[in-house]
Amino acid sequence: MFIAAAAIAVSASAQPRTTITANKAGDNIYVGINGGAITSLKNNNPAKKSAFQAFTPEFGVRVGKNFTTVFGLALDANLYFNAHKKDCPLYATKTFVQGLDVDLLGTANLMNMFAGYKGQPRFFEIIALGGFGWTHAFGVKKTNAINSKVGLDFALNLGEKKAWQVYIEPALVYALQKWENAETEDNFQYDVHKAGFSLKAGVNYKFGTSNGTHNFAKEQLRDQAEIDALNAKINAAKSEADAAKADAAAKAAKIAELQKALNDCMNKPAPVVEKAKANLQPSVVFKQGKSVVERSQEANLEMIAKYMKNNKDAKIKISGYASPEGSKELNQKLSEKRAEACKNILVKKYKIAADRLQTEGLGATDKLFDEVEFNRVALFNDVTK
């Protein structure tokens, strides 16, 4: 773990060279597999001429996380297999799987530590690693011990997004306790006679991160001049928006003014003159060329309905008129539709019996009222009187 401690100290000075995006809990995690062989660094068996005459194949998996561009942690799990019939240099066992170990390793990217991180991994990197682990041997009296591992990864980052990493890893693995006597445990010490040399190759896959890549990303920083320019654009846009709001408010006020004038005109009561034949005061005024009863005129129909409900025997004739504009045929149809429109409202909305209402269209006229627009009207006459 001394490598991890050194990495933490040095990474503090390495990081300011490039501002890196935030590293969230799920970022910069990788997983991989590896395989190779391990052999005793010193030959403890006199029958062997060299320590490298016998080796043990190994296979492992690795899960890790990089906390900074320099420092990380990795968890290794390795299996060791028996490739010799006897006299295994590491474990005194004849089982197919001789042993396993689980190691917690600190990692330090030496390239980033000394040369800085440029926003994405280099094609070639050297990564130091070291830490401690637990070892279990099969088929021996004492089965558990503490080990320590130090090594280097010579790594290549591959792929367009550099999500894949392949590496060659030479390492020294120290057994910090003896195996052969369950009652005696040595003090922890790095003894070459209890060390193995491991050489293996591996591949890691780096998962995607919150910054949209598979690695640390460079923060997109802006200088003050750029910030001032953007603020100026924002202020200009706000001014344009305020001007547009003021213009819209002025137009809305004008529309409201015109609408009020129109409503006042539509609600002006039709004057009753002697030449009007209707003997009931309310009348319904229509817009030019229209036969639809405006909402503002429905109050007059309500007065007719009230009259008929108060006078159960009354029968009303509805006479529709049109102003002189347009053809005679058009005005005739328009006057009929205006009378029918009033009848339909009285029947459907106010529940007046249809047989108490008569309609007639009297075409165009300018004789009812002096103002031309008042002749676009429907008048009501109580025919029972």
# chains A, B, ... in the order shown; residues from 1 in each chain; ligands from 1

call {"tool": "residues_around", "arguments": {"residues": "region 64-70 of chain A", "least_positions_apart": "4", "cutoff": "7 Å", "atoms": "only C-alpha atoms", "output": "number ranges by chain"}}
result
A: 7, 11, 28-31, 74-75, 108-109, 112-113, 117, 216

call {"tool": "write_last_selection", "arguments": {"atoms": "N, CA and C atoms", "output": "mmCIF file, in the first residue's frame"}}
result
data_model
loop_
_atom_site.group_PDB
_atom_site.id
_atom_site.type_symbol
_atom_site.label_atom_id
_atom_site.label_comp_id
_atom_site.auth_asym_id
_atom_site.auth_seq_id
_atom_site.Cartn_x
_atom_site.Cartn_y
_atom_site.Cartn_z
ATOM 1 N N ALA A 7 1.152 7.731 -4.243
ATOM 2 C CA ALA A 7 0.329 8.239 -5.339
ATOM 3 C C ALA A 7 -0.567 9.363 -4.882
ATOM 4 N N SER A 11 -0.214 12.931 -6.582
ATOM 5 C CA SER A 11 -1.326 13.293 -7.464
ATOM 6 C C SER A 11 -1.840 14.680 -7.153
ATOM 7 N N ASN A 28 -15.449 5.727 -13.695
ATOM 8 C CA ASN A 28 -14.072 5.229 -13.795
ATOM 9 C C ASN A 28 -13.880 3.885 -13.090
ATOM 10 N N ILE A 29 -14.864 3.013 -13.283
ATOM 11 C CA ILE A 29 -14.785 1.643 -12.787
ATOM 12 C C ILE A 29 -14.441 0.724 -13.956
ATOM 13 N N TYR A 30 -13.595 -0.247 -13.696
ATOM 14 C CA TYR A 30 -13.217 -1.179 -14.758
ATOM 15 C C TYR A 30 -13.229 -2.600 -14.221
ATOM 16 N N VAL A 31 -13.302 -3.554 -15.121
ATOM 17 C CA VAL A 31 -13.271 -4.968 -14.764
ATOM 18 C C VAL A 31 -12.455 -5.693 -15.835
ATOM 19 N N ALA A 74 -7.643 -1.412 -6.708
ATOM 20 C CA ALA A 74 -8.076 -2.582 -7.473
ATOM 21 C C ALA A 74 -8.171 -3.780 -6.536
ATOM 22 N N LEU A 75 -9.140 -4.627 -6.803
ATOM 23 C CA LEU A 75 -9.312 -5.873 -6.067
ATOM 24 C C LEU A 75 -9.021 -7.020 -7.019
ATOM 25 N N ALA A 108 -0.984 3.411 -9.148
ATOM 26 C CA ALA A 108 -0.486 4.760 -9.417
ATOM 27 C C ALA A 108 -0.062 4.834 -10.876
ATOM 28 N N ASN A 109 -0.737 5.691 -11.646
ATOM 29 C CA ASN A 109 -0.384 5.892 -13.049
ATOM 30 C C ASN A 109 0.827 6.807 -13.114
ATOM 31 N N ASN A 112 0.792 9.767 -15.764
ATOM 32 C CA ASN A 112 0.008 10.938 -15.360
ATOM 33 C C ASN A 112 0.636 11.640 -14.172
ATOM 34 N N MET A 113 1.284 10.854 -13.309
ATOM 35 C CA MET A 113 1.895 11.431 -12.111
ATOM 36 C C MET A 113 2.984 12.430 -12.481
ATOM 37 N N TYR A 117 -2.075 14.823 -17.026
ATOM 38 C CA TYR A 117 -3.159 14.203 -17.813
ATOM 39 C C TYR A 117 -3.665 15.228 -18.822
ATOM 40 N N PHE A 216 -11.475 9.765 -17.530
ATOM 41 C CA PHE A 216 -11.565 11.138 -17.065
ATOM 42 C C PHE A 216 -11.611 12.074 -18.270
#

call {"tool": "select_by_dssp", "arguments": {"residues": "region 119-242 of chain A", "states": "helix (DSSP H, G or I)", "output": "PyMOL selection string"}}
result
chain A and resi 192-194+224-242

call {"tool": "atom_distance", "arguments": {"atom1": "CA of Leu330 (chain A)", "atom2": "CA of Gln297 (chain A)"}}
result
22.9 Å

call {"tool": "atom_distance", "arguments": {"atom1": "CA of Gln189 (chain A)", "atom2": "CA of Glu169 (chain A)"}}
result
23.3 Å

call {"tool": "residues_around", "arguments": {"residues": "Glu160 (chain A)", "least_positions_apart": "3", "cutoff": "12 Å", "atoms": "only C-alpha atoms", "output": "list in words"}}
result
Gln120, Pro121, Phe123, Asn157, Ala163, Trp164, Gln165, Thr213 and His214 of chain A

call {"tool": "closest_residue", "arguments": {"among": "A:Val292, A:Ile352, A:Glu336, A:Glu360", "to": "Asn310 (chain A)", "atoms": "only C-alpha atoms"}}
result
A:Ile352

call {"tool": "residues_around", "arguments": {"residues": "region 37-39 of chain A", "least_positions_apart": "6", "cutoff": "6 Å", "atoms": "only C-alpha atoms", "output": "list in words"}}
result
Phe55, Thr56, Pro57, Glu58, Gly196, Phe197, Ser198 and Leu199 of chain A

call {"tool": "atom_distance", "arguments": {"atom1": "CA of Lys290 (chain A)", "atom2": "CA of Tyr307 (chain A)"}}
result
26.2 Å

call {"tool": "closest_atom_pairs", "arguments": {"of": "region 314-371 of chain A", "to": "region 261-270 of chain A", "cutoff": "12 Å", "atoms": "only C-alpha atoms", "output": "JSON lines"}}
result
{"residue": "A:Leu368", "atom": "CA", "partner": "A:Ala270", "partner_atom": "CA", "distance": 10.2}
{"residue": "A:Phe369", "atom": "CA", "partner": "A:Ala270", "partner_atom": "CA", "distance": 8.4}
{"residue": "A:Asp370", "atom": "CA", "partner": "A:Ala270", "partner_atom": "CA", "distance": 10.6}
{"residue": "A:Glu371", "atom": "CA", "partner": "A:Ala270", "partner_atom": "CA", "distance": 9.6}

call {"tool": "closest_residue", "arguments": {"among": "A:Ala354, A:Ala244, A:Ile127, A:Ala341", "to": "Phe154 (chain A)", "atoms": "only C-alpha atoms"}}
result
A:Ile127

call {"tool": "select_by_dssp", "arguments": {"residues": "region 113-333 of chain A", "states": "strand (DSSP E)", "output": "ChimeraX atom specification"}}
result
/A:124-137,144-158,164-175,195-206,283-285,316-322

call {"tool": "closest_residue", "arguments": {"among": "A:Tyr205, A:Tyr80, A:Phe286, A:Phe59", "to": "Arg376 (chain A)", "atoms": "only C-alpha atoms"}}
result
A:Phe286

call {"tool": "closest_residue", "arguments": {"among": "A:Asn344, A:Ser319, A:Thr21, A:Thr107", "to": "Leu280 (chain A)", "atoms": "only C-alpha atoms"}}
result
A:Ser319

call {"tool": "residues_around", "arguments": {"residues": "Ile168 (chain A)", "least_positions_apart": "5", "cutoff": "6 Å", "atoms": "only C-alpha atoms", "output": "VMD selection string"}}
result
chain A and resid 153 to 154 200 to 201

call {"tool": "residues_around", "arguments": {"residues": "Thr19 (chain A)", "least_positions_apart": "6", "cutoff": "10 Å", "atoms": "only C-alpha atoms", "output": "MDAnalysis selection string"}}
result
chainID A and resid 117:119 217:221
